[in-house]
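Data block below; observations after.
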There are 6 protein chains.
Amino acid sequence: MAKVYVTRKVQFNAAHRLHNPEKSDEWNRRTFGKCNSPNWHGHNYTLEVTVVGDPDPETGYVIDLGDLKKLVNEKVVSKVDHANLNLDVDFMEGVLPSTENFVIAIWNELEDHIPSGQLHSLRLRETDNNSAEYRGE
Amino acid sequence: MAKVYVTRKVQFNAAHRLHNPEKSDEWNRRTFGKCNSPNWHGHNYTLEVTVVGDPDPETGYVIDLGDLKKLVNEKVVSKVDHANLNLDVDFMEGVLPSTENFVIAIWNELEDHIPSGQLHSLRLRETDNNSAEYRGE
Amino acid sequence: MAKVYVTRKVQFNAAHRLHNPEKSDEWNRRTFGKCNSPNWHGHNYTLEVTVVGDPDPETGYVIDLGDLKKLVNEKVVSKVDHANLNLDVDFMEGVLPSTENFVIAIWNELEDHIPSGQLHSLRLRETDNNSAEYRGE
Amino acid sequence: MAKVYVTRKVQFNAAHRLHNPEKSDEWNRRTFGKCNSPNWHGHNYTLEVTVVGDPDPETGYVIDLGDLKKLVNEKVVSKVDHANLNLDVDFMEGVLPSTENFVIAIWNELEDHIPSGQLHSLRLRETDNNSAEYRGE
Amino acid sequence: MAKVYVTRKVQFNAAHRLHNPEKSDEWNRRTFGKCNSPNWHGHNYTLEVTVVGDPDPETGYVIDLGDLKKLVNEKVVSKVDHANLNLDVDFMEGVLPSTENFVIAIWNELEDHIPSGQLHSLRLRETDNNSAEYRGE
Amino acid sequence: MAKVYVTRKVQFNAAHRLHNPEKSDEWNRRTFGKCNSPNWHGHNYTLEVTVVGDPDPETGYVIDLGDLKKLVNEKVVSKVDHANLNLDVDFMEGVLPSTENFVIAIWNELEDHIPSGQLHSLRLRETDNNSAEYRGE
């Protein structure tokens with residue numbers, strides 16, 4: 001037996017705004033700066049989905065990465081691509097869309113649907129310089 | 001004399017929507033697909049500004065790229081970063097924010113302000129796969 | 001009027017071998033070295049397709065990059081992806097698949113089918129370090 | 001004492017085909033899709049080799065990365081570069097060349113030869129979007 | 001509670017030379033090769049700083065990455081950017097500037113100053129091919 | 001006949017300092033800022049060499065990129081890699097090592113030695129954000 005970590009990368013483009021509606025506008029401006037900009041801004045997000053498991057003896061696959069891509073597209077990308085994370089996405093309702101909260105919310109969407117192997121980690125890149133990783137801990 | 005093309009890259013994050021207000025919603029949906037999504041989406045834009053000229057004999061510079069960065073930040077990045085291209089940007093008023101129209105509008109903002117040398121071209125990348133270049137022709 | 005150069009990047013994976021069947025095996029080995037390896041090798045090719053034109057006043061597009069992607073997929077990617085360039089590709093029959101010859105052959109496939117604007121250049125990257133560009137000259 | 005993880009990246013180009021000879025052609029086509037394409041396809045593979053250890057007090061090195069590169073070239077790259085993974089590589093004989101199986105096979109080639117420190121992990125990238133990591137577990 | 005790993009990347013350009021002054025010139029040349037070159041050479045270094053913690057319920061942040069950037073700039077980048085690692089940097093005095101020793105020294109500068117969360121790891125890239133990671137172990 | 005532009009990328013690491021010895025220290029500090037830092041700094045330079053010509057009917061090559069790499073290594077990389085551009089490089093003697101002046105000097109080294117085809121352009125990247133291109137004009 002041999003544990004291999006396989007990763008599939010997907011991309012999508014979304015708008016968002018960091019704003020906590022339970023706080024004052026002044027608090028939001030001071031806390032989030034330009035990320036609180038009222039008319040939204042956006043990103044080319046990159047999501048790396050890592051699944052761990054033993055390669056299947058017949059296929060050599062931990063998981064068929066084509067199937068994984070289809071699953072991630074259905075459960076995540078189709079809902080967030082060209083969407084507004086604050087307004088349009090069912091699984092982000094009531095969630096402040098920081099990279100941290102967003103990657104946890106994506107984990108919750110995917111966790112029960114990985115057809116083989118086991119979801120190991122998600123890395124979400126908001127820009128070339130900023131990213132967040134969640135491992136279900 | 002020797003013509004050298006120097007390039008400075010800058011980045012910014014913005015929201016936008018492709019929508020022609022003189023056309024019907026149905027036309028806009030059919031023409032722009034998900035890029036017409038009503039609540040906006042966004043991108044990590046990359047802008048490459050190329051200036052051509054002879055290196056100055058005393059400095060070896062066609063243009064001080066630090067000065068060029070300051071100029072581009074003042075005239076462009078400060079107005080479009082974390083902004084909504086359809087709603088917030090003076091030089092995009094009345095302009096449908098396709099990559100093509102956006103790069104021409106940026107050219108018009110920069111053209112008269114290059115302190116030395118001559119603006120040669122602008123390349124604007126909207127995603128890893130899509131870009132537009134304008135050379136003032 | 002304003003000429004804008006828009007670029008769409010696509011990727012595909014193919015096998016090939018540099019071998020001139022009109023020459024001896026010895027000549028081929030000496031000329032092409034490991035690129036002549038008998039059982040093939042392969043690459044993750046990247047193709048950048050650049051179309052030039054005036055943005056349409058109604059859409060802001062030189063060309064709908066989604067339509068361009070569909071065209072390039074139909075005429076090129078569907079034929080070369082996961083294929084053997086020496087054995088499987090109709091438009092490469094009798095063509096030694098150097099990056100240079102390959103990019104010219106792709107140009108010939110695309111040239112007459114660009115639905116609007118004008119094909120300006122193709123850049124084909126074989127590796128991070130090696131590429132060839134053709135402009136129809 | 002301080003554990004540092006040092007990584008050296010190498011690249012190579014190879015052809016392969018996903019095909020399980022103990023199964024029918026129909027099973028292989030259904031299971032592997034275009035990756036089962038009969039005349040091979042190929043990739044620009046990237047391999048990241050990570051060694052962990054305490055930096056040597058005299059050199060500051062966990063391992064001389066030049067020596068590590070030589071070792072990886074001798075044991076792996078010289079055998080797989082411009083080769084066919086199904087036909088040409090001794091250590092892949094009888095192994096279905098999925099990224100998962102390939103990275104485990106490379107581990108087995110390198111494990112006993114790391115001159116200092118300890119092999120920690122191997123990450124093998126088949127494309128920009130797909131990779132597999134093995135840590136000897 | 002949910003542990004998220006957030007990463008901020010920064011860049012700087014520095015000169016250095018691998019040379020152990022307690023050893024002979026001959027030993028240094030033999031051990032470090034061209035990295036011992038007497039008049040220095042340099043790199044575009046990339047540093048990835050990873051902090052782990054629970055996202056704050058009010059901000060969604062493990063740590064404000066803008067604050068983290070300011071801290072890393074103050075404690076590290078302002079001292080090493082456009083500097084000579086062997087001659088100019090207080091926290092590198094007496095340290096042979098291998099990537100391994102350098103990343104440990106940066107850890108020691110940052111460890112006590114992370115305003116929230118906990119420093120998890122630092123990855124320092126010297127070139128596209130070579131990097132070192134330290135996790136405080 | 002068909003003109004194809006082929007490009008080979010090479011990399012090297014060097015130290016330098018922007019300093020005009022005919023000017024005062026004060027002028028140099030004011031003009032070059034931190035690039036005038038007395039104890040040098042350095043970069044991972046990337047050089048893209050583009051040669052234009054008709055592919056040879058027998059080889060499909062404008063130029064053998066392996067031969068081109070050897071030439072560039074002999075004439076340029078072997079002299080500048082792990083060197084100090086102000087002190088160690090014969091063809092940079094008396095030249096202020098701005099990216100602009102450096103790329104022109106490299107052109108002069110290569111121009112007469114391209115074994116087939118014609119040198120078209122050189123692009124020298126000093127950082128991810130700054131580059132200079134020279135086309136022999």
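So you can find residues: chains in the structure tokens are A, B, ... in the order shown, residues in each start at 1, and ligands are numbered from 1 in order.
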
Using only C-alpha atoms, which chain A residues lie at most 10 Å away from chain D, written as JSON, numbers by chain?
-> {"A": [1, 2, 3, 4, 5, 6, 7, 8, 9, 10, 11, 48, 49, 50, 51, 52, 53, 54, 55, 56, 57, 58, 59, 60, 61, 62, 63, 64, 65, 66]}

DSSP strand (DSSP E or B) selection over segment 40-133 of chain F, as number ranges by chain = F: 41-53, 83-84, 118-125, 130-133

Take the residues just selected and output them with C-alpha atoms as a short mmCIF file (atom, residue, chain, number, x, y, z; two decimals), in the first residue's frame.
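Output (selection28.cif):
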```cif
data_model
loop_
_atom_site.label_atom_id
_atom_site.label_comp_id
_atom_site.auth_asym_id
_atom_site.auth_seq_id
_atom_site.Cartn_x
_atom_site.Cartn_y
_atom_site.Cartn_z
CA HIS F 41 22.62 43.27 -5.02
CA GLY F 42 21.63 40.68 -7.60
CA HIS F 43 19.05 39.05 -9.79
CA ASN F 44 17.95 35.82 -11.42
CA TYR F 45 18.14 37.10 -15.00
CA THR F 46 16.17 35.49 -17.81
CA LEU F 47 17.32 36.01 -21.40
CA GLU F 48 15.11 35.15 -24.39
CA VAL F 49 17.02 34.95 -27.68
CA THR F 50 14.87 35.12 -30.83
CA VAL F 51 16.19 34.11 -34.26
CA VAL F 52 14.14 34.54 -37.44
CA GLY F 53 14.39 32.62 -40.70
CA ALA F 83 29.54 36.94 -11.70
CA ASN F 84 29.57 40.63 -10.84
CA GLN F 118 19.28 36.05 -38.19
CA LEU F 119 19.22 37.44 -34.69
CA HIS F 120 15.83 39.15 -34.32
CA SER F 121 15.50 40.27 -30.70
CA LEU F 122 16.69 39.78 -27.15
CA ARG F 123 14.47 40.15 -24.12
CA LEU F 124 16.22 40.40 -20.76
CA ARG F 125 14.11 40.09 -17.60
CA ASN F 130 10.93 44.69 -15.20
CA SER F 131 12.40 43.79 -18.59
CA ALA F 132 14.13 45.30 -21.61
CA GLU F 133 14.00 44.19 -25.24
#
```

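For Pro38 of chain C, the set of protein, DNA and RNA residues having any atom at most 8 Å away, when counting only C-alpha atoms and skipping those fewer than 2 positions along the same chain, is Arg17, Asn36 and Trp40 of chain C.
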
So which bits of chain A end up helix (DSSP H, G or I) when you DSSP the backbone, as a PyMOL selection string?
-> chain A and resi 25-36+65-80+90-92+99-113

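Within the 10 Å cut-off around His113 of chain C, using only C-alpha atoms and omitting residues fewer than 5 positions from it on the same chain, the listed residues are C:Leu68, C:Leu71, C:Val72, C:Lys75, C:Asn108, C:Gln118, C:Leu119.
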
Find the residues near Val89 of chain C: any atom within 10 Å, counting only C-alpha atoms, skip ones fewer than 5 places away on the same chain, and give them as a ChimeraX atom specification.
-> /C:76,78-81,83-84
